[in-house]
file entry-v1.csv (CSV, C-alpha atoms)
chain,number,residue,atom,x,y,z
W,909,MET,CA,0.0,0.0,0.0
W,910,ALA,CA,3.0,2.3,0.7
W,911,ALA,CA,4.2,1.8,-2.9
W,912,VAL,CA,1.1,3.1,-4.4
W,913,GLY,CA,1.6,6.7,-3.2
W,914,PRO,CA,4.7,7.5,-5.2
W,915,ALA,CA,3.3,6.0,-8.4
W,916,THR,CA,0.2,8.1,-8.0
W,917,ALA,CA,2.2,11.2,-7.3
W,918,GLU,CA,4.3,10.6,-10.4
W,919,ALA,CA,1.2,10.0,-12.5
W,920,ALA,CA,-0.5,13.3,-11.4
W,921,PRO,CA,1.9,15.6,-13.3
W,922,ALA,CA,1.6,13.5,-16.4
W,923,ARG,CA,-2.2,13.8,-16.2
W,924,LYS,CA,-1.9,17.6,-15.8
W,925,THR,CA,0.4,17.8,-18.8
W,926,THR,CA,-2.0,15.7,-20.8
W,927,ALA,CA,-4.9,17.9,-19.7
W,928,LYS,CA,-3.0,21.0,-20.7
W,929,LYS,CA,-2.2,19.6,-24.2
W,930,ALA,CA,-5.9,18.7,-24.6
W,931,ALA,CA,-6.9,22.1,-23.5
W,932,ALA,CA,-4.4,23.6,-25.9
W,933,LYS,CA,-5.8,21.5,-28.7
W,934,LYS,CA,-9.4,22.7,-27.8
W,935,THR,CA,-8.4,26.4,-27.7
W,936,ALA,CA,-6.4,26.2,-30.9
W,937,PRO,CA,-9.4,26.2,-33.2
W,938,ALA,CA,-10.5,29.5,-31.6
W,939,LYS,CA,-7.5,31.2,-33.4
W,940,LYS,CA,-8.8,29.9,-36.7
W,941,ALA,CA,-12.3,31.4,-36.0
W,942,THR,CA,-10.9,34.9,-36.5
W,943,PRO,CA,-11.7,34.9,-40.3
W,944,THR,CA,-15.3,34.3,-39.5
W,945,LYS,CA,-15.5,37.7,-37.9
W,946,ALA,CA,-14.7,39.3,-41.2
W,947,THR,CA,-17.9,37.9,-42.7
W,948,PRO,CA,-20.1,40.6,-41.2
W,949,THR,CA,-17.6,43.1,-42.6
W,950,LYS,CA,-18.2,41.8,-46.1
W,951,THR,CA,-22.0,41.8,-45.6
W,952,SER,CA,-21.8,45.4,-44.3
W,953,ALA,CA,-19.7,46.4,-47.3
W,954,THR,CA,-22.2,44.7,-49.6
W,955,LYS,CA,-25.1,46.5,-47.9
W,956,THR,CA,-23.2,49.8,-48.2
W,957,SER,CA,-22.5,49.2,-51.9
W,958,THR,CA,-26.1,48.3,-52.5
W,959,ALA,CA,-27.3,51.4,-50.6
W,960,THR,CA,-24.9,53.6,-52.6
W,961,LYS,CA,-26.2,52.1,-55.9
W,962,THR,CA,-29.8,52.5,-54.8
W,963,SER,CA,-29.2,56.1,-53.8
W,964,ALA,CA,-27.5,56.8,-57.1
W,965,ALA,CA,-30.4,55.2,-58.9
W,966,LYS,CA,-32.9,57.3,-57.0
W,967,LYS,CA,-31.0,60.5,-57.8
W,968,ALA,CA,-30.9,59.5,-61.5
W,969,THR,CA,-34.7,58.9,-61.4
W,970,ALA,CA,-35.2,62.2,-59.6
W,971,LYS,CA,-33.2,64.0,-62.3
W,972,LYS,CA,-35.2,62.4,-65.0
W,973,ALA,CA,-38.5,63.3,-63.3
W,974,SER,CA,-37.2,66.9,-62.8
W,975,ALA,CA,-36.3,67.1,-66.4
W,976,LYS,CA,-39.8,65.9,-67.4
W,977,LYS,CA,-41.5,68.5,-65.2
W,978,SER,CA,-39.3,71.4,-66.3
W,979,PRO,CA,-41.1,73.7,-68.7
W,980,ALA,CA,-40.7,73.3,-72.4
W,981,PRO,CA,-38.3,75.8,-74.0
W,982,LYS,CA,-39.9,78.9,-75.5
W,983,PRO,CA,-40.4,78.7,-79.3
W,984,PRO,CA,-38.1,80.9,-81.3
W,985,GLY,CA,-39.3,84.5,-82.0
W,986,PHE,CA,-40.5,85.5,-78.6
W,987,ALA,CA,-38.7,87.9,-76.4
W,988,LYS,CA,-39.2,87.7,-72.7
W,989,ARG,CA,-38.9,91.4,-72.3
W,990,GLU,CA,-40.7,93.5,-74.9
W,991,SER,CA,-41.7,97.0,-75.4
W,992,ARG,CA,-45.2,98.2,-75.7
W,993,ALA,CA,-44.7,98.6,-79.4
W,994,ALA,CA,-43.4,95.1,-79.7
W,995,MET,CA,-46.3,93.7,-77.8
W,996,VAL,CA,-48.8,95.5,-80.0
W,997,LYS,CA,-47.0,94.2,-83.1
W,998,ARG,CA,-47.1,90.6,-81.7
W,999,ALA,CA,-50.8,91.0,-80.8
W,1000,HIS,CA,-51.6,91.9,-84.4
W,1001,ALA,CA,-49.6,89.0,-85.6
W,1002,ILE,CA,-51.6,86.7,-83.3
W,1003,ASN,CA,-54.9,88.1,-84.7
W,1004,GLU,CA,-53.6,87.4,-88.3
W,1005,VAL,CA,-52.8,83.8,-87.3
W,1006,LEU,CA,-56.3,83.4,-85.7
W,1007,ALA,CA,-57.9,84.8,-88.8
W,1008,GLU,CA,-56.2,82.2,-90.9
W,1009,THR,CA,-57.0,79.4,-88.5
W,1010,TYR,CA,-60.6,80.3,-88.0
W,1011,PRO,CA,-61.9,82.0,-91.2
W,1012,TYR,CA,-65.4,80.7,-90.3
W,1013,ALA,CA,-65.4,82.1,-86.7
W,1014,HIS,CA,-68.9,83.2,-85.8
W,1015,PRO,CA,-71.2,83.6,-82.8
W,1016,GLU,CA,-71.9,80.0,-81.5
W,1017,LEU,CA,-75.5,80.7,-80.5
W,1018,ASP,CA,-78.4,79.9,-82.9
W,1019,PHE,CA,-80.6,82.9,-83.5
W,1020,GLU,CA,-82.7,84.4,-86.2
W,1021,ASP,CA,-83.3,88.0,-84.8
W,1022,PRO,CA,-82.0,90.3,-82.1
W,1023,PHE,CA,-84.5,89.1,-79.6
W,1024,GLN,CA,-83.5,85.5,-80.0
W,1025,LEU,CA,-79.9,86.4,-79.7
W,1026,LEU,CA,-80.5,88.5,-76.5
W,1027,VAL,CA,-82.4,85.6,-74.9
W,1028,ALA,CA,-79.9,83.0,-75.9
W,1029,THR,CA,-77.0,85.1,-74.6
W,1030,VAL,CA,-78.7,85.5,-71.2
W,1031,LEU,CA,-79.3,81.8,-71.0
W,1032,SER,CA,-75.7,81.0,-71.9
W,1033,ALA,CA,-74.4,82.1,-68.5
W,1034,GLN,CA,-72.8,79.2,-66.5
W,1035,THR,CA,-73.5,76.7,-69.3
W,1036,THR,CA,-72.4,75.9,-72.9
W,1037,ASP,CA,-73.7,77.4,-76.0
W,1038,LEU,CA,-74.5,73.9,-77.2
W,1039,ARG,CA,-76.9,73.4,-74.3
W,1040,VAL,CA,-78.5,76.7,-75.0
W,1041,ASN,CA,-78.9,75.9,-78.7
W,1042,GLN,CA,-80.5,72.6,-77.8
W,1043,THR,CA,-83.0,74.4,-75.5
W,1044,THR,CA,-84.1,77.4,-77.5
W,1045,PRO,CA,-86.0,75.8,-80.3
W,1046,ALA,CA,-88.8,74.8,-78.0
W,1047,LEU,CA,-88.6,78.1,-76.1
W,1048,PHE,CA,-88.9,80.3,-79.2
W,1049,ALA,CA,-91.6,78.1,-80.7
W,1050,LYS,CA,-93.8,78.9,-77.6
W,1051,TYR,CA,-92.6,82.5,-77.0
W,1052,PRO,CA,-91.5,84.0,-80.4
W,1053,THR,CA,-91.8,87.7,-79.3
W,1054,PRO,CA,-91.1,89.8,-76.2
W,1055,GLU,CA,-94.8,90.2,-75.7
W,1056,ASP,CA,-95.3,86.5,-75.7
W,1057,MET,CA,-92.5,85.8,-73.3
W,1058,ALA,CA,-93.5,88.7,-71.0
W,1059,ALA,CA,-96.9,87.0,-70.6
W,1060,ALA,CA,-95.5,83.6,-69.9
W,1061,VAL,CA,-96.4,81.6,-66.8
W,1062,PRO,CA,-93.2,81.6,-64.7
W,1063,GLU,CA,-93.3,77.8,-63.9
W,1064,GLU,CA,-93.8,76.9,-67.6
W,1065,LEU,CA,-90.9,79.2,-68.7
W,1066,GLU,CA,-88.7,77.7,-66.0
W,1067,GLU,CA,-89.4,74.2,-67.1
W,1068,LEU,CA,-88.5,75.0,-70.7
W,1069,ILE,CA,-85.1,76.5,-69.8
W,1070,ARG,CA,-84.3,74.0,-67.0
W,1071,PRO,CA,-81.5,72.3,-69.0
W,1072,THR,CA,-79.4,75.5,-69.0
W,1073,GLY,CA,-79.2,75.6,-65.2
W,1074,PHE,CA,-80.0,78.4,-62.8
W,1075,PHE,CA,-83.4,78.3,-64.5
W,1076,ARG,CA,-85.3,80.2,-61.8
W,1077,ALA,CA,-83.0,83.2,-61.9
W,1078,LYS,CA,-82.8,83.1,-65.7
W,1079,ALA,CA,-86.6,82.9,-65.9
W,1080,ARG,CA,-86.9,86.1,-63.8
W,1081,SER,CA,-84.4,87.8,-66.1
W,1082,LEU,CA,-86.2,86.8,-69.3
W,1083,LEU,CA,-89.6,87.8,-67.9
W,1084,GLY,CA,-88.1,91.2,-66.8
W,1085,LEU,CA,-86.3,92.0,-70.0
W,1086,SER,CA,-89.2,90.9,-72.1
W,1087,ALA,CA,-91.6,93.2,-70.2
W,1088,ALA,CA,-89.1,96.1,-70.5
W,1089,LEU,CA,-88.8,95.6,-74.3
W,1090,ARG,CA,-92.6,95.5,-74.5
W,1091,ASP,CA,-93.2,98.5,-72.3
W,1092,ASP,CA,-90.2,100.7,-73.0
W,1093,PHE,CA,-89.0,99.9,-76.5
W,1094,ASP,CA,-92.1,99.0,-78.4
W,1095,GLY,CA,-91.1,95.3,-78.5
W,1096,GLU,CA,-87.7,96.0,-80.2
W,1097,VAL,CA,-84.2,95.3,-78.8
W,1098,PRO,CA,-82.3,98.6,-78.4
W,1099,ALA,CA,-79.1,99.0,-80.3
W,1100,THR,CA,-77.0,100.9,-77.7
W,1101,VAL,CA,-74.9,99.6,-74.8
W,1102,ASP,CA,-76.5,102.1,-72.3
W,1103,ALA,CA,-80.0,100.9,-73.1
W,1104,LEU,CA,-79.1,97.2,-73.2
W,1105,VAL,CA,-77.4,97.1,-69.8
W,1106,LYS,CA,-80.5,98.5,-68.2
W,1107,LEU,CA,-82.4,95.4,-69.1
W,1108,PRO,CA,-82.7,92.7,-66.4
W,1109,GLY,CA,-79.9,90.1,-66.7
W,1110,VAL,CA,-78.0,92.0,-69.3
W,1111,GLY,CA,-74.4,93.1,-68.7
W,1112,ARG,CA,-71.7,94.5,-71.0
W,1113,LYS,CA,-70.7,91.1,-72.3
W,1114,THR,CA,-74.2,90.3,-73.4
W,1115,ALA,CA,-74.7,93.8,-74.8
W,1116,PHE,CA,-71.6,93.5,-77.0
W,1117,VAL,CA,-72.6,90.1,-78.2
W,1118,VAL,CA,-76.0,91.5,-79.3
W,1119,LEU,CA,-74.6,94.7,-80.7
W,1120,GLY,CA,-71.8,93.1,-82.7
W,1121,ASN,CA,-73.8,90.2,-84.2
W,1122,ALA,CA,-77.3,91.5,-84.5
W,1123,PHE,CA,-76.6,95.2,-85.3
W,1124,GLY,CA,-73.0,95.3,-86.6
W,1125,VAL,CA,-71.8,97.6,-83.9
W,1126,PRO,CA,-68.2,96.9,-82.9
W,1127,GLY,CA,-67.6,95.6,-79.5
W,1128,ILE,CA,-65.2,93.3,-77.5
W,1129,THR,CA,-66.8,90.4,-75.8
W,1130,VAL,CA,-64.8,89.5,-72.7
W,1131,ASP,CA,-66.0,86.1,-71.5
W,1132,THR,CA,-63.9,83.7,-69.5
W,1133,HIS,CA,-62.1,82.4,-72.7
W,1134,PHE,CA,-61.3,85.9,-74.0
W,1135,GLY,CA,-60.0,87.1,-70.6
W,1136,ARG,CA,-57.8,84.0,-70.1
W,1137,LEU,CA,-56.1,84.3,-73.5
W,1138,ALA,CA,-55.7,88.0,-73.3
W,1139,ARG,CA,-53.7,87.5,-70.1
W,1140,ARG,CA,-51.7,84.5,-71.5
W,1141,TRP,CA,-50.7,86.6,-74.5
W,1142,LYS,CA,-49.8,89.6,-72.2
W,1143,TRP,CA,-52.3,91.9,-73.8
W,1144,THR,CA,-53.5,92.7,-70.2
W,1145,THR,CA,-52.8,91.7,-66.6
W,1146,SER,CA,-56.2,92.5,-65.3
W,1147,GLU,CA,-58.9,90.1,-64.1
W,1148,ASP,CA,-61.6,92.8,-64.4
W,1149,PRO,CA,-63.6,92.3,-67.6
W,1150,VAL,CA,-64.1,96.0,-68.1
W,1151,LYS,CA,-60.3,96.7,-67.7
W,1152,VAL,CA,-59.5,93.8,-70.1
W,1153,GLU,CA,-61.9,95.3,-72.6
W,1154,SER,CA,-60.2,98.7,-72.3
W,1155,ASP,CA,-56.7,97.3,-72.6
W,1156,VAL,CA,-57.5,95.2,-75.7
W,1157,ALA,CA,-59.5,98.0,-77.3
W,1158,ALA,CA,-56.3,100.2,-77.1
W,1159,ILE,CA,-54.4,97.6,-79.1
W,1160,PHE,CA,-56.8,97.0,-82.0
W,1161,GLU,CA,-58.9,99.1,-84.3
W,1162,PRO,CA,-62.7,99.1,-83.6
W,1163,SER,CA,-63.3,97.4,-87.0
W,1164,GLU,CA,-61.5,94.3,-85.6
W,1165,TRP,CA,-63.2,94.1,-82.3
W,1166,THR,CA,-66.2,91.8,-83.1
W,1167,MET,CA,-64.3,89.3,-85.2
W,1168,LEU,CA,-61.3,89.4,-82.9
W,1169,SER,CA,-63.7,88.4,-80.1
W,1170,HIS,CA,-65.0,85.4,-82.1
W,1171,ARG,CA,-61.5,84.2,-83.0
W,1172,VAL,CA,-60.1,84.4,-79.5
W,1173,ILE,CA,-63.2,82.7,-78.0
W,1174,PHE,CA,-63.0,80.0,-80.7
W,1175,HIS,CA,-59.3,79.4,-79.9
W,1176,GLY,CA,-60.0,79.3,-76.2
W,1177,ARG,CA,-62.7,76.6,-76.6
W,1178,ARG,CA,-60.8,74.5,-79.1
W,1179,ILE,CA,-57.1,74.7,-78.4
W,1180,CYS,CA,-56.0,77.0,-75.6
W,1181,HIS,CA,-58.0,75.4,-72.8
W,1182,SER,CA,-58.0,76.5,-69.2
W,1183,ARG,CA,-56.5,73.4,-67.6
W,1184,ARG,CA,-54.7,71.6,-70.4
W,1185,PRO,CA,-53.9,73.9,-73.3
W,1186,ALA,CA,-52.8,72.0,-76.4
W,1187,CYS,CA,-49.5,73.9,-76.9
W,1188,GLY,CA,-48.0,71.3,-79.2
W,1189,ALA,CA,-50.9,71.8,-81.7
W,1190,CYS,CA,-51.3,75.5,-81.4
W,1191,PRO,CA,-50.7,77.8,-84.4
W,1192,VAL,CA,-50.0,80.7,-82.1
W,1193,ALA,CA,-47.2,79.0,-80.2
W,1194,PRO,CA,-44.3,80.9,-81.8
W,1195,LEU,CA,-46.0,84.2,-80.6
W,1196,CYS,CA,-47.1,83.0,-77.2
W,1197,PRO,CA,-45.3,84.0,-74.0
W,1198,SER,CA,-47.1,81.3,-72.1
W,1199,TYR,CA,-46.1,78.4,-74.4
W,1200,GLY,CA,-45.3,75.3,-72.3
W,1201,GLU,CA,-48.2,75.7,-69.8
W,1202,GLY,CA,-49.9,72.9,-71.5
W,1203,GLU,CA,-49.0,69.7,-73.5
W,1204,THR,CA,-46.1,70.4,-75.9
W,1205,ASP,CA,-45.9,67.0,-77.5
W,1206,PRO,CA,-47.6,67.3,-80.9
W,1207,GLU,CA,-49.2,63.9,-80.9
W,1208,LYS,CA,-50.5,64.2,-77.3
W,1209,ALA,CA,-51.6,67.8,-77.9
W,1210,LYS,CA,-53.8,66.7,-80.9
W,1211,LYS,CA,-55.8,64.5,-78.6
W,1212,LEU,CA,-56.8,67.6,-76.6
W,1213,LEU,CA,-58.4,69.4,-79.5
W,1214,LYS,CA,-62.1,70.0,-79.2
W,1215,TYR,CA,-65.1,70.6,-81.5
W,1216,GLU,CA,-64.3,70.7,-85.2
W,1217,LYS,CA,-60.5,70.8,-84.5
W,1218,GLY,CA,-60.9,67.5,-82.8
W,1219,GLY,CA,-63.1,66.0,-85.5
W,1220,MET,CA,-66.3,66.6,-83.4
W,1221,PRO,CA,-69.5,68.6,-83.9
W,1222,GLY,CA,-69.6,72.3,-83.2
W,1223,GLN,CA,-72.0,73.9,-80.8
W,1224,ARG,CA,-74.6,75.1,-83.2
W,1225,LEU,CA,-77.5,73.0,-84.5
W,1226,LYS,CA,-77.6,75.4,-87.5
W,1227,PRO,CA,-74.0,76.4,-88.2
W,1228,PRO,CA,-73.0,78.7,-91.0
W,1229,ALA,CA,-72.5,77.2,-94.4
W,1230,ASP,CA,-68.7,77.5,-94.3
W,1231,PHE,CA,-68.4,75.7,-90.9
W,1232,PRO,CA,-66.0,72.8,-91.4
W,1233,GLY,CA,-67.5,70.5,-88.8
W,1234,PRO,CA,-70.8,68.7,-88.5
W,1235,PRO,CA,-73.8,70.4,-86.7
W,1236,ALA,CA,-74.5,69.6,-83.1
W,1237,PRO,CA,-77.3,67.1,-82.3
W,1238,PRO,CA,-80.6,68.3,-80.8
W,1239,LEU,CA,-81.5,67.8,-77.2
W,1240,GLY,CA,-81.6,64.1,-76.4
W,1241,GLY,CA,-80.0,63.3,-79.8
call {"tool": "encode", "arguments": {"input": "entry-v1.csv", "output": "structure tokens"}}
result
Amino acid sequence: MAAVGPATAEAAPARKTTAKKAAAKKTAPAKKATPTKATPTKTSATKTSTATKTSAAKKATAKKASAKKSPAPKPPGFAKRESRAAMVKRAHAINEVLAETYPYAHPELDFEDPFQLLVATVLSAQTTDLRVNQTTPALFAKYPTPEDMAAAVPEELEELIRPTGFFRAKARSLLGLSAALRDDFDGEVPATVDALVKLPGVGRKTAFVVLGNAFGVPGITVDTHFGRLARRWKWTTSEDPVKVESDVAAIFEPSEWTMLSHRVIFHGRRICHSRRPACGACPVAPLCPSYGEGETDPEKAKKLLKYEKGGMPGQRLKPPADFPGPPAPPLGG
């Protein structure tokens, strides 16, 4: 039993040495694990590279979008800063282009006498000339004269003009102006601005429509289309119809006023729309300081054209003989 002790004592260091070697062998692989730490670094680098590429792609896309939204270049021949004389010269050039584009320009309300034109113009407020033209045949068949209309039953008159909108207010105006024509003008429509604007529902615009087209008296009709285009062409900066009328009258001779009104209104309805003007299909483009506000691509702009310019009917059921488009259909047609 005494011999056992030394042998055990000698074996103990050996075991410790063996244990140390085993421990060394186990810890050795830990040194080889260092490269695995680099893996996240590669992933991080890959993510950074991808993020950089994505950022660059977004910037490129943003630049392209910005390029698309940027306004189209002005057509040649227009100066950003021009003198009064240059503006007047450009305005006359625009009128010449409009005359060539719309040689058939005319009032777009159907009428056969001054009374019918007066009534139709009053009805045209807040609606289209087409809707008025579709409504007036039945109206004039029942009330052909001021005397007839003045004696109308209000409810029956309202029902006839209902399609034009605001029919109660318009019926009151028609009854009032018809009674005034009967009582104060022997049933005849007066041929002066001062007399016309005293009639119920008749303002300067309506007066000039009647004077210019029923009596041949020069006048400028400033409706929403005329005012919009006059501002786009820098003929005026005013929103006030009376001031617009005055500014434009100072540019053109009175002999041009009535036909100028028709041409400008035609152009506003067919090409130079309020929201999406068809700039790419506009004959006035080289003279327009507002070119680029609308669609400049010629093919896309052609799709925005209206009425006869877009291959569709005009607004009159009985258009002039030289009108290039088909007549409008009757109500319900």
call {"tool": "atom_distance", "arguments": {"input": "entry-v1.csv", "atom1": "CA of Ala1236 in chain W", "atom2": "CA of Lys1214 in chain W"}}
result
13.0 Å
call {"tool": "atom_distance", "arguments": {"input": "entry-v1.csv", "atom1": "CA of Ala999 in chain W", "atom2": "CA of Ala1193 in chain W"}}
result
12.5 Å
call {"tool": "atom_distance", "arguments": {"input": "entry-v1.csv", "atom1": "CA of Phe1231 in chain W", "atom2": "CA of Leu1025 in chain W"}}
result
19.3 Å
call {"tool": "residues_around", "arguments": {"input": "entry-v1.csv", "residues": "Glu1064 in chain W", "least_positions_apart": "5", "cutoff": "12 Å", "atoms": "only C-alpha atoms", "output": "ChimeraX atom specification"}}
result
/W:1046-1047,1050-1051,1057,1059,1069-1070,1075-1076,1079,1083
call {"tool": "residues_around", "arguments": {"input": "entry-v1.csv", "residues": "Val1030 in chain W", "least_positions_apart": "4", "cutoff": "10 Å", "atoms": "only C-alpha atoms", "output": "NGL selection string"}}
result
:W and (1025-1026 or 1034 or 1040 or 1078-1079 or 1081-1082 or 1108-1111 or 1113-1115)
call {"tool": "closest_residue", "arguments": {"input": "entry-v1.csv", "among": "W:Val1101, W:Leu1068, W:Ala993, W:Leu1006", "to": "Val1125 in chain W", "atoms": "all atoms listed in the file"}}
result
W:Val1101
call {"tool": "residues_around", "arguments": {"input": "entry-v1.csv", "residues": "Ile1002 in chain W", "least_positions_apart": "5", "cutoff": "10 Å", "atoms": "only C-alpha atoms", "output": "count of residues only"}}
result
12
call {"tool": "residues_around", "arguments": {"input": "entry-v1.csv", "residues": "range 1159-1166 of chain W", "least_positions_apart": "3", "cutoff": "8 Å", "atoms": "only C-alpha atoms", "output": "number ranges by chain"}}
result
W: 996, 999-1000, 1120-1121, 1126-1129, 1155-1156, 1169-1170
call {"tool": "closest_residue", "arguments": {"input": "entry-v1.csv", "among": "W:Asp1131, W:Glu1063, W:Glu1147, W:Glu1020", "to": "Arg1080 in chain W", "atoms": "only C-alpha atoms"}}
result
W:Glu1063
call {"tool": "closest_residue", "arguments": {"input": "entry-v1.csv", "among": "W:Gly1188, W:Pro1045, W:Pro1022, W:Gly1222", "to": "Phe1174 in chain W", "atoms": "only C-alpha atoms"}}
result
W:Gly1222
call {"tool": "residues_around", "arguments": {"input": "entry-v1.csv", "residues": "Ala1186 in chain W", "least_positions_apart": "6", "cutoff": "9 Å", "atoms": "all atoms listed in the file", "output": "ChimeraX atom specification"}}
result
/W:1178-1180,1201-1206,1208-1213
call {"tool": "closest_residue", "arguments": {"input": "entry-v1.csv", "among": "W:Val1152, W:Leu1239, W:Pro1221, W:Asp1021", "to": "Pro1071 in chain W", "atoms": "only C-alpha atoms"}}
result
W:Leu1239
